[in-house]
Each structure stands twice: as structure tokens, then as C-alpha cells.
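Text of my_file.txt (compact mmCIF, C-alpha atoms and all ligand atoms) as supplied:
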```
# COMPACT_ATOMS: atom_id res chain seq x y z
CA MET Y 270 -73.30 48.03 129.93
CA GLU Y 271 -76.13 46.89 127.70
CA VAL Y 272 -76.46 43.17 126.88
CA ILE Y 273 -78.27 42.04 123.74
CA VAL Y 274 -78.82 38.33 123.09
CA MET Y 275 -79.53 37.34 119.48
CA ASP Y 276 -80.28 34.05 117.76
CA ASN Y 277 -76.96 33.60 116.01
CA ALA Y 278 -73.77 35.18 114.69
CA PHE Y 279 -75.45 36.23 111.46
CA GLU Y 280 -78.10 38.30 113.28
CA ILE Y 281 -75.35 39.87 115.41
CA SER Y 282 -73.34 40.75 112.31
CA LYS Y 283 -76.32 42.51 110.73
CA ALA Y 284 -76.93 44.58 113.88
CA VAL Y 285 -73.29 45.49 114.52
CA SER Y 286 -72.43 46.27 110.89
CA SER Y 287 -75.40 48.63 110.65
CA ILE Y 288 -74.24 50.56 113.71
CA ILE Y 289 -70.78 50.97 112.15
CA ILE Y 290 -72.14 51.81 108.70
CA ASP Y 291 -74.60 54.36 110.12
CA GLU Y 292 -71.75 56.01 112.02
CA VAL Y 293 -69.63 56.22 108.84
CA LYS Y 294 -72.55 57.66 106.86
CA LYS Y 295 -73.09 60.28 109.55
CA ASN Y 296 -69.38 60.94 109.95
CA PRO Y 297 -67.30 59.76 106.94
CA LYS Y 298 -64.11 60.57 108.87
CA ALA Y 299 -65.06 58.33 111.79
CA VAL Y 300 -62.27 56.75 113.80
CA LEU Y 301 -62.90 53.03 114.06
CA GLY Y 302 -61.18 50.57 116.38
CA PHE Y 303 -61.09 47.05 115.00
CA ALA Y 304 -60.51 43.61 116.47
CA THR Y 305 -59.26 40.35 114.99
CA GLY Y 306 -60.27 36.78 115.77
CA ALA Y 307 -63.32 34.85 114.61
CA SER Y 308 -65.89 36.99 116.44
CA PRO Y 309 -65.95 40.07 114.15
CA VAL Y 310 -65.50 38.22 110.83
CA GLU Y 311 -69.23 38.02 109.99
CA THR Y 312 -69.60 41.72 110.76
CA TYR Y 313 -66.72 42.48 108.41
CA LYS Y 314 -68.49 40.43 105.70
CA ARG Y 315 -71.63 42.56 106.05
CA MET Y 316 -69.49 45.72 105.84
CA ILE Y 317 -67.85 44.46 102.64
CA GLU Y 318 -71.29 43.65 101.18
CA ALA Y 319 -72.56 47.13 102.00
CA TYR Y 320 -69.48 48.67 100.38
CA LYS Y 321 -69.86 46.50 97.26
CA ASP Y 322 -73.56 47.43 97.04
CA GLY Y 323 -72.54 51.10 97.02
CA LYS Y 324 -74.24 51.77 100.37
CA VAL Y 325 -71.15 53.09 102.15
CA SER Y 326 -67.60 54.24 101.53
CA PHE Y 327 -64.82 53.75 104.06
CA LYS Y 328 -62.28 55.85 102.18
CA ASP Y 329 -62.07 58.61 104.78
CA VAL Y 330 -62.20 56.57 107.97
CA THR Y 331 -59.18 56.23 110.21
CA THR Y 332 -58.65 52.82 111.79
CA PHE Y 333 -56.77 51.55 114.82
CA ASN Y 334 -56.41 47.85 115.54
CA LEU Y 335 -56.28 46.53 119.04
CA ASP Y 336 -53.21 44.37 118.92
CA GLU Y 337 -50.46 42.60 117.01
CA TYR Y 338 -48.16 39.66 117.67
CA CYS Y 339 -44.51 40.46 118.33
CA GLY Y 340 -42.04 39.30 115.74
CA LEU Y 341 -44.40 39.01 112.76
CA GLU Y 342 -44.00 41.10 109.62
CA ARG Y 343 -47.11 42.71 108.15
CA GLU Y 344 -46.85 40.40 105.14
CA ASP Y 345 -46.82 37.30 107.36
CA GLU Y 346 -50.19 35.64 106.91
CA ASN Y 347 -50.35 34.96 110.65
CA SER Y 348 -50.14 38.66 111.49
CA TYR Y 349 -53.20 40.62 112.51
CA PHE Y 350 -52.36 43.21 109.86
CA TYR Y 351 -52.66 40.48 107.23
CA PHE Y 352 -55.90 39.30 108.83
CA MET Y 353 -57.45 42.76 108.56
CA LYS Y 354 -56.25 43.19 105.00
CA ASP Y 355 -57.70 39.83 104.08
CA ASN Y 356 -60.98 40.10 106.00
CA LEU Y 357 -61.88 43.77 105.56
CA PHE Y 358 -59.47 46.47 104.43
CA GLY Y 359 -58.38 44.90 101.13
CA LYS Y 360 -62.00 44.19 100.15
CA THR Y 361 -63.27 47.73 100.70
CA ASP Y 362 -61.99 51.21 99.84
CA VAL Y 363 -60.32 51.69 103.25
CA ASP Y 364 -57.30 53.93 102.65
CA PHE Y 365 -54.20 52.09 103.90
CA GLU Y 366 -52.62 55.47 104.67
CA LYS Y 367 -55.25 55.84 107.40
CA VAL Y 368 -54.81 52.33 108.79
CA ASN Y 369 -52.92 52.26 112.08
CA PHE Y 370 -51.37 49.18 113.61
CA LEU Y 371 -49.09 48.37 116.48
CA SER Y 372 -45.97 47.04 114.81
CA GLY Y 373 -44.67 43.52 115.34
CA ASP Y 374 -41.11 44.87 115.35
CA GLU Y 375 -39.97 43.96 118.87
CA ALA Y 376 -36.89 46.18 118.94
CA GLN Y 377 -39.13 49.22 118.53
CA SER Y 378 -41.97 48.13 120.79
CA GLU Y 379 -41.71 50.85 123.45
CA LYS Y 380 -41.49 53.61 120.88
CA ASN Y 381 -44.33 52.07 118.89
CA CYS Y 382 -46.58 51.91 121.92
CA ARG Y 383 -45.94 55.56 122.81
CA GLU Y 384 -46.50 56.72 119.26
CA TYR Y 385 -49.68 54.65 118.92
CA GLU Y 386 -51.22 56.34 121.93
CA GLU Y 387 -50.27 59.75 120.55
CA LYS Y 388 -51.82 58.87 117.19
CA ILE Y 389 -55.11 57.82 118.79
CA ALA Y 390 -55.21 61.12 120.68
CA ALA Y 391 -54.28 63.14 117.56
CA ALA Y 392 -57.13 61.44 115.66
CA GLY Y 393 -59.52 62.73 118.32
CA GLY Y 394 -60.02 59.36 120.03
CA ILE Y 395 -61.87 56.28 118.83
CA ASP Y 396 -65.56 56.69 117.94
CA ILE Y 397 -66.46 52.99 117.91
CA GLN Y 398 -64.25 50.23 119.28
CA LEU Y 399 -65.13 46.67 118.30
CA LEU Y 400 -64.06 43.90 120.68
CA GLY Y 401 -64.10 40.15 121.07
CA ILE Y 402 -63.39 38.39 124.34
CA GLY Y 403 -60.86 35.67 125.15
CA THR Y 404 -61.95 32.54 127.02
CA ASN Y 405 -59.98 33.95 129.98
CA GLY Y 406 -61.82 37.29 129.81
CA HIS Y 407 -59.11 39.18 127.93
CA ILE Y 408 -59.92 42.10 125.63
CA GLY Y 409 -57.37 42.99 122.99
CA PHE Y 410 -54.46 41.15 124.54
CA ASN Y 411 -55.06 42.52 128.03
CA GLU Y 412 -54.61 39.29 129.91
CA PRO Y 413 -55.91 38.72 133.46
CA SER Y 414 -53.56 40.55 135.83
CA GLU Y 415 -53.36 42.49 139.07
CA SER Y 416 -54.16 45.94 137.69
CA PHE Y 417 -55.82 47.54 134.70
CA SER Y 418 -53.37 48.83 132.10
CA ASP Y 419 -53.67 52.29 130.57
CA GLY Y 420 -51.77 52.87 127.32
CA PRO Y 421 -50.45 50.35 124.77
CA PHE Y 422 -47.86 47.88 126.07
CA LYS Y 423 -46.00 44.66 125.38
CA VAL Y 424 -47.63 41.63 126.97
CA LYS Y 425 -46.56 38.07 127.64
CA LEU Y 426 -49.42 35.89 126.43
CA THR Y 427 -50.92 33.40 128.88
CA GLN Y 428 -51.04 29.67 128.27
CA SER Y 429 -54.83 29.88 127.89
CA THR Y 430 -54.46 32.40 125.04
CA ILE Y 431 -51.72 30.32 123.42
CA ASP Y 432 -54.00 27.24 123.66
CA SER Y 433 -56.93 29.16 122.12
CA ASN Y 434 -55.03 30.89 119.31
CA SER Y 435 -52.39 28.33 118.29
CA LYS Y 436 -54.93 26.77 115.91
CA TYR Y 437 -54.60 29.84 113.67
CA PHE Y 438 -50.85 29.20 113.18
CA LYS Y 439 -50.33 26.52 110.60
CA ASP Y 440 -46.77 27.04 109.46
CA LYS Y 441 -45.04 28.38 112.57
CA LYS Y 442 -45.14 28.52 116.36
CA MET Y 443 -47.39 31.20 117.81
CA PRO Y 444 -45.39 34.10 119.29
CA GLY Y 445 -45.38 34.29 123.09
CA TYR Y 446 -45.60 38.10 123.16
CA ALA Y 447 -47.85 40.74 121.62
CA LEU Y 448 -48.40 44.48 121.67
CA THR Y 449 -51.88 45.58 122.70
CA MET Y 450 -53.87 48.71 123.33
CA GLY Y 451 -54.31 49.11 127.07
CA ILE Y 452 -57.56 49.05 128.99
CA GLY Y 453 -57.36 52.85 129.24
CA ASP Y 454 -57.20 53.17 125.44
CA ILE Y 455 -60.23 50.90 125.07
CA MET Y 456 -62.23 52.65 127.79
CA ARG Y 457 -61.59 56.06 126.21
CA ALA Y 458 -63.48 54.96 123.06
CA LYS Y 459 -66.79 56.80 122.79
CA LYS Y 460 -68.73 53.63 122.02
CA ILE Y 461 -67.70 50.02 122.58
CA ILE Y 462 -69.27 46.99 120.92
CA LEU Y 463 -68.22 43.52 122.09
CA ILE Y 464 -69.22 40.37 120.22
CA ALA Y 465 -69.10 36.92 121.82
CA THR Y 466 -70.48 33.72 120.32
CA GLY Y 467 -70.33 30.04 121.23
CA GLU Y 468 -70.38 28.06 124.43
CA SER Y 469 -66.61 28.35 124.95
CA LYS Y 470 -67.16 32.03 125.83
CA ALA Y 471 -70.03 31.46 128.31
CA ASN Y 472 -67.87 31.50 131.42
CA ALA Y 473 -65.94 34.63 130.44
CA VAL Y 474 -69.21 36.34 129.43
CA PHE Y 475 -70.75 35.52 132.81
CA LYS Y 476 -67.76 37.03 134.66
CA MET Y 477 -67.74 40.10 132.40
CA VAL Y 478 -71.44 40.84 132.88
CA LYS Y 479 -72.28 39.53 136.35
CA GLY Y 480 -68.94 39.35 138.13
CA GLU Y 481 -67.14 42.06 140.06
CA VAL Y 482 -65.08 44.59 138.12
CA THR Y 483 -61.61 43.14 138.47
CA PRO Y 484 -58.41 42.99 136.39
CA SER Y 485 -58.53 39.23 136.84
CA CYS Y 486 -61.35 39.41 134.25
CA PRO Y 487 -60.26 42.41 132.13
CA ALA Y 488 -63.55 42.57 130.18
CA SER Y 489 -65.44 43.25 133.43
CA VAL Y 490 -64.14 46.84 133.24
CA LEU Y 491 -66.71 47.43 130.48
CA GLN Y 492 -69.36 47.56 133.23
CA ASN Y 493 -67.91 51.02 133.97
CA HIS Y 494 -68.22 52.34 130.40
CA GLY Y 495 -71.15 54.64 129.62
CA ASP Y 496 -71.82 53.19 126.16
CA ALA Y 497 -70.71 49.55 125.96
CA VAL Y 498 -73.02 47.14 124.17
CA ILE Y 499 -72.43 43.39 124.41
CA TYR Y 500 -73.82 41.25 121.59
CA LEU Y 501 -74.21 37.58 122.48
CA ASP Y 502 -75.64 34.50 120.85
CA LYS Y 503 -77.67 32.07 122.97
CA GLU Y 504 -74.69 29.78 123.63
CA SER Y 505 -72.37 32.47 124.95
CA ALA Y 506 -75.23 33.89 127.06
CA LYS Y 507 -76.26 30.58 128.56
CA LEU Y 508 -74.93 31.25 132.10
CA LEU Y 509 -76.56 34.69 132.44
C1 LIG O 601 -57.48 37.16 120.35
C2 LIG O 601 -57.49 38.66 120.09
C3 LIG O 601 -58.67 39.31 120.74
C4 LIG O 601 -59.90 38.52 120.41
C5 LIG O 601 -59.82 37.16 121.04
C6 LIG O 601 -61.03 36.28 120.77
O1 LIG O 601 -56.75 36.79 121.44
N1 LIG O 601 -56.30 39.31 120.55
O2 LIG O 601 -58.75 40.65 120.33
O3 LIG O 601 -61.02 39.19 120.88
O4 LIG O 601 -58.69 36.51 120.50
O5 LIG O 601 -60.89 35.65 119.54
P1 LIG O 601 -62.02 34.87 118.80
O6 LIG O 601 -62.98 35.91 118.33
O7 LIG O 601 -61.32 34.18 117.67
O8 LIG O 601 -62.62 33.95 119.77
```
Can you give me the file's structure in the form of C-alpha cells?
Amino acid sequence: MEVIVMDNAFEISKAVSSIIIDEVKKNPKAVLGFATGASPVETYKRMIEAYKDGKVSFKDVTTFNLDEYCGLEREDENSYFYFMKDNLFGKTDVDFEKVNFLSGDEAQSEKNCREYEEKIAAAGGIDIQLLGIGTNGHIGFNEPSESFSDGPFKVKLTQSTIDSNSKYFKDKKMPGYALTMGIGDIMRAKKIILIATGESKANAVFKMVKGEVTPSCPASVLQNHGDAVIYLDKESAKLL
């Protein structure tokens, strides 16, 4: 695990977007794993700028997103699909035929999880997986638990996640369940980039980087990945 501390979120977004853009230039059919939440938004802005400046095309990339809330339609503006459309896909030439998402349809969740794992494998695995981190150390929606998960699964969200994410739901109650890629799916990515900014992440960042590798802090598993790079601002790195 490599840890890089930068001055602010803007500097991080420049560094992370160039890694992704360089990968896509080298391999236009790259398989990219994306995350939602506030952490990657600046990076997505830099990617949109590069696309609009004609520096890169995303038309042949395949994408997999980490997670989705149960019970939300794609068109629901609280869904992660909508978030990605609004913050990246719809503002670039990403081909929606190559966009993969865990579905919010609860009745189909087991089937969806199985098929998602098969699709990741059929795409040849994920080249770069982008991650944020929850204040409780979660990655994707892998909440603290007693063992590390492997493939995608349905998860009951913890109160800490509900407290952190409820602010994004203006017109309805936040769902209590989500589907998420498992820790195994994330760890099989060839390269992992995690972004954390702000003081509220300092404790989780400390446990991820300096703590023991334990499912009670799911992000700590990244210590065991051969190519995981953690981008921090000064506030999130303040306990290191
Ligand atoms: C959510 C997402 C995670 C994300 C985390 C941090 O729970 N499921 O993938 O990393 O929140 O979000 P933020 O970047 O908004 O702090």
C-alpha cells in the first residue's frame, strides 16, 4: 500500500484523473471500476474536462460500479446509477451499453450478484478500481463485520453509514439495504486507487493504513494488495 498526501482535493483529482486517462490512452478498452460519494467527484470533473478538450475518449471502456441501494430505480435521482450518469457518464462519451451496475431490484438481488461477478470475470477483471472510504472504514458497502466477503452480496447498512449518507436523500428515506461488490472483487482489481479527504475520515484512514488487517475495518485489507495507492489530503492524513 502506497500512501500519498497532497495539499487538497483538487491536487488529488489532477493526479488520479491522469492515472485513469493515461490507462485509457494506453488501453482504450480498459475496464474501470468506479465509486460514488463526494470523494471521486473532483476526479470525475477532471476526466470530463479532458474529454471535452479532446484529450481522451471513453467510448470503448467498460465500467463496473461498486454498489447500489436496494429498491431504487435507475431513474431515481438518489440512485448511484443516476449519480454516475450525472457526474461522469452523461458528460463524456462513455457507452451506456458498456456500463455495468448492480441493480436496485431487490427481488432479483441474488441473481444480479451472481451475474455481476460473472460479467467482471468475462471482461477480464478490473484494471483500475477507484474507491472512497466510509467513516467506519467501509469500502463499497462492505461494512465492518466478522469476515471479509468475496463476491457481490446484499448488505444491511449500518447506522453509521445511514447517518453519513442520509444527507444525500432529500425527498425520501435512505434505503436500509444495498448491493455491493465484495472485498474479493475489489482485491482482484489490478490497481486500486482510494481517495479520502477531510477530517471526518482521519480515524478510518489511520485504521486502514496503520491498524491490523481486520474485517472490522474493511479498508485495512488494502494493505495486502500489491498495487493500492491511497490519496489523502492533509486533514484525512492528520493521525498518520
Ligand atoms: C458510500 C459509498 C462508498 C463511498 C463512501 C464514502 O457509502 N458506498 O463507496 O466510498 O460512501 O463517501 P464520501 O466520498 O461521500 O465520503
What's the separation between atom CA of Ser485 of chain Y and atom CA of Met353 of chain Y, in Å to one decimal place?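 Pair atom CA of Ser485 of chain Y / atom CA of Met353 of chain Y returns 28.5 Å.
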Taking only C-alpha atoms and all ligand atoms into account, list the residues no farther than 10 Å from ligand LIG 601 (chain O), as an MDAnalysis selection string. chainID Y and resid 303:310 334:338 349 399:412 426 429:431 433:434 436:437 447:450 463:467 469:470
Neighbours of point (-76.1, 41.8, 131.0) within 10 Å, using only C-alpha atoms, written as a short mmCIF file (atom, residue, chain, number, x, y, z; two decimals) with C-alpha atoms, in the coordinates of the input:
```cif
data_model
loop_
_atom_site.label_atom_id
_atom_site.label_comp_id
_atom_site.auth_asym_id
_atom_site.auth_seq_id
_atom_site.Cartn_x
_atom_site.Cartn_y
_atom_site.Cartn_z
CA MET Y 270 -73.30 48.03 129.93
CA GLU Y 271 -76.13 46.89 127.70
CA VAL Y 272 -76.46 43.17 126.88
CA ILE Y 273 -78.27 42.04 123.74
CA VAL Y 274 -78.82 38.33 123.09
CA VAL Y 474 -69.21 36.34 129.43
CA PHE Y 475 -70.75 35.52 132.81
CA MET Y 477 -67.74 40.10 132.40
CA VAL Y 478 -71.44 40.84 132.88
CA LYS Y 479 -72.28 39.53 136.35
CA GLN Y 492 -69.36 47.56 133.23
CA VAL Y 498 -73.02 47.14 124.17
CA ILE Y 499 -72.43 43.39 124.41
CA TYR Y 500 -73.82 41.25 121.59
CA LEU Y 501 -74.21 37.58 122.48
CA ALA Y 506 -75.23 33.89 127.06
CA LEU Y 509 -76.56 34.69 132.44
#
```
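The residue that comes closest to Lys283 of chain Y, out of Y:Asp364, Y:Cys339, Y:Ile462, Y:Met316 and on the basis of only C-alpha atoms, is Y:Met316.
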Got a sec: who's within 10 Å of Ser286 of chain Y, counting all atoms listed in the file, leaving out chain neighbours fewer than 5 positions off, as a list in words? Ile281, Asp291, Glu292, Pro309, Glu311, Thr312, Tyr313, Lys314, Arg315, Met316, Ile317 and Ala319 of chain Y
Could you check how far atom CA of Asn347 of chain Y sits from atom CA of Thr332 of chain Y, in Å to one decimal? 19.7 Å
Atom CA of His494 of chain Y to atom CA of Ile455 of chain Y, straight-line distance in Å: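 A separation of 9.7 Å between them.
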Between Y:Ala488, Y:Leu301, Y:Met443, Y:Ala376, which one has atoms that come closest to Val363 of chain Y, using only C-alpha atoms?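 The answer is Y:Leu301, which sits nearest to Val363 of chain Y.
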Contact residues around Asp454 of chain Y with all atoms listed in the file at 7 Å, ignoring same-chain residues under 4 positions, as a PyMOL selection string: chain Y and resi 419-420+450+458
If we count only C-alpha atoms, what is near Ala392 of chain Y at a cut-off of 12 Å, once residues fewer than 2 positions away on the same chain are taken out, given as a PyMOL selection string? chain Y and resi 298-302+330-333+367-369+385-390+394-396+458
Pull C-alpha atoms from the residues just selected and write them as a PDB file, keeping the file's coordinate frame.
```pdb
ATOM      1  CA  LYS Y 298     -64.110  60.570 108.870  1.00  0.00           C
ATOM      2  CA  ALA Y 299     -65.060  58.330 111.790  1.00  0.00           C
ATOM      3  CA  VAL Y 300     -62.270  56.750 113.800  1.00  0.00           C
ATOM      4  CA  LEU Y 301     -62.900  53.030 114.060  1.00  0.00           C
ATOM      5  CA  GLY Y 302     -61.180  50.570 116.380  1.00  0.00           C
ATOM      6  CA  VAL Y 330     -62.200  56.570 107.970  1.00  0.00           C
ATOM      7  CA  THR Y 331     -59.180  56.230 110.210  1.00  0.00           C
ATOM      8  CA  THR Y 332     -58.650  52.820 111.790  1.00  0.00           C
ATOM      9  CA  PHE Y 333     -56.770  51.550 114.820  1.00  0.00           C
ATOM     10  CA  LYS Y 367     -55.250  55.840 107.400  1.00  0.00           C
ATOM     11  CA  VAL Y 368     -54.810  52.330 108.790  1.00  0.00           C
ATOM     12  CA  ASN Y 369     -52.920  52.260 112.080  1.00  0.00           C
ATOM     13  CA  TYR Y 385     -49.680  54.650 118.920  1.00  0.00           C
ATOM     14  CA  GLU Y 386     -51.220  56.340 121.930  1.00  0.00           C
ATOM     15  CA  GLU Y 387     -50.270  59.750 120.550  1.00  0.00           C
ATOM     16  CA  LYS Y 388     -51.820  58.870 117.190  1.00  0.00           C
ATOM     17  CA  ILE Y 389     -55.110  57.820 118.790  1.00  0.00           C
ATOM     18  CA  ALA Y 390     -55.210  61.120 120.680  1.00  0.00           C
ATOM     19  CA  GLY Y 394     -60.020  59.360 120.030  1.00  0.00           C
ATOM     20  CA  ILE Y 395     -61.870  56.280 118.830  1.00  0.00           C
ATOM     21  CA  ASP Y 396     -65.560  56.690 117.940  1.00  0.00           C
ATOM     22  CA  ALA Y 458     -63.480  54.960 123.060  1.00  0.00           C
TER      23      ALA Y 458
END
```
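The shortest atom-to-atom distance to Asn381 of chain Y, with only C-alpha atoms taken into account, belongs to Y:Phe422 out of Y:Val325, Y:Lys441, Y:Phe422, Y:Met456.
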Using all atoms listed in the file, can you tell me which of Y:Glu346, Y:Phe358, Y:Asp329, Y:Ala284 comes closest to Lys439 of chain Y?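 For Lys439 of chain Y, the nearest of the candidates is Y:Glu346.
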Shell of 9 Å around Ser416 of chain Y, only C-alpha atoms, local chain residues under 2 positions omitted, as an mmCIF file with C-alpha atoms, in the coordinates of the input:
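The result, stored in out31.cif:
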```cif
data_model
loop_
_atom_site.group_PDB
_atom_site.id
_atom_site.type_symbol
_atom_site.label_atom_id
_atom_site.label_comp_id
_atom_site.auth_asym_id
_atom_site.auth_seq_id
_atom_site.Cartn_x
_atom_site.Cartn_y
_atom_site.Cartn_z
ATOM 1 C CA PRO Y 413 -55.910 38.720 133.460
ATOM 2 C CA SER Y 414 -53.560 40.550 135.830
ATOM 3 C CA SER Y 418 -53.370 48.830 132.100
ATOM 4 C CA THR Y 483 -61.610 43.140 138.470
ATOM 5 C CA PRO Y 484 -58.410 42.990 136.390
ATOM 6 C CA SER Y 485 -58.530 39.230 136.840
ATOM 7 C CA PRO Y 487 -60.260 42.410 132.130
#
```
Please tell me which residues are no farther than 6 Å from (-66.9, 52.3, 123.2) in the file, counting only C-alpha atoms, and write them as number ranges by chain. Y: 397-398, 458-461, 496-497
In terms of all atoms listed in the file, the residue from Y:Ser348, Y:Glu342, Y:Lys294, Y:Gly445 at minimal distance from Phe327 of chain Y is Y:Lys294
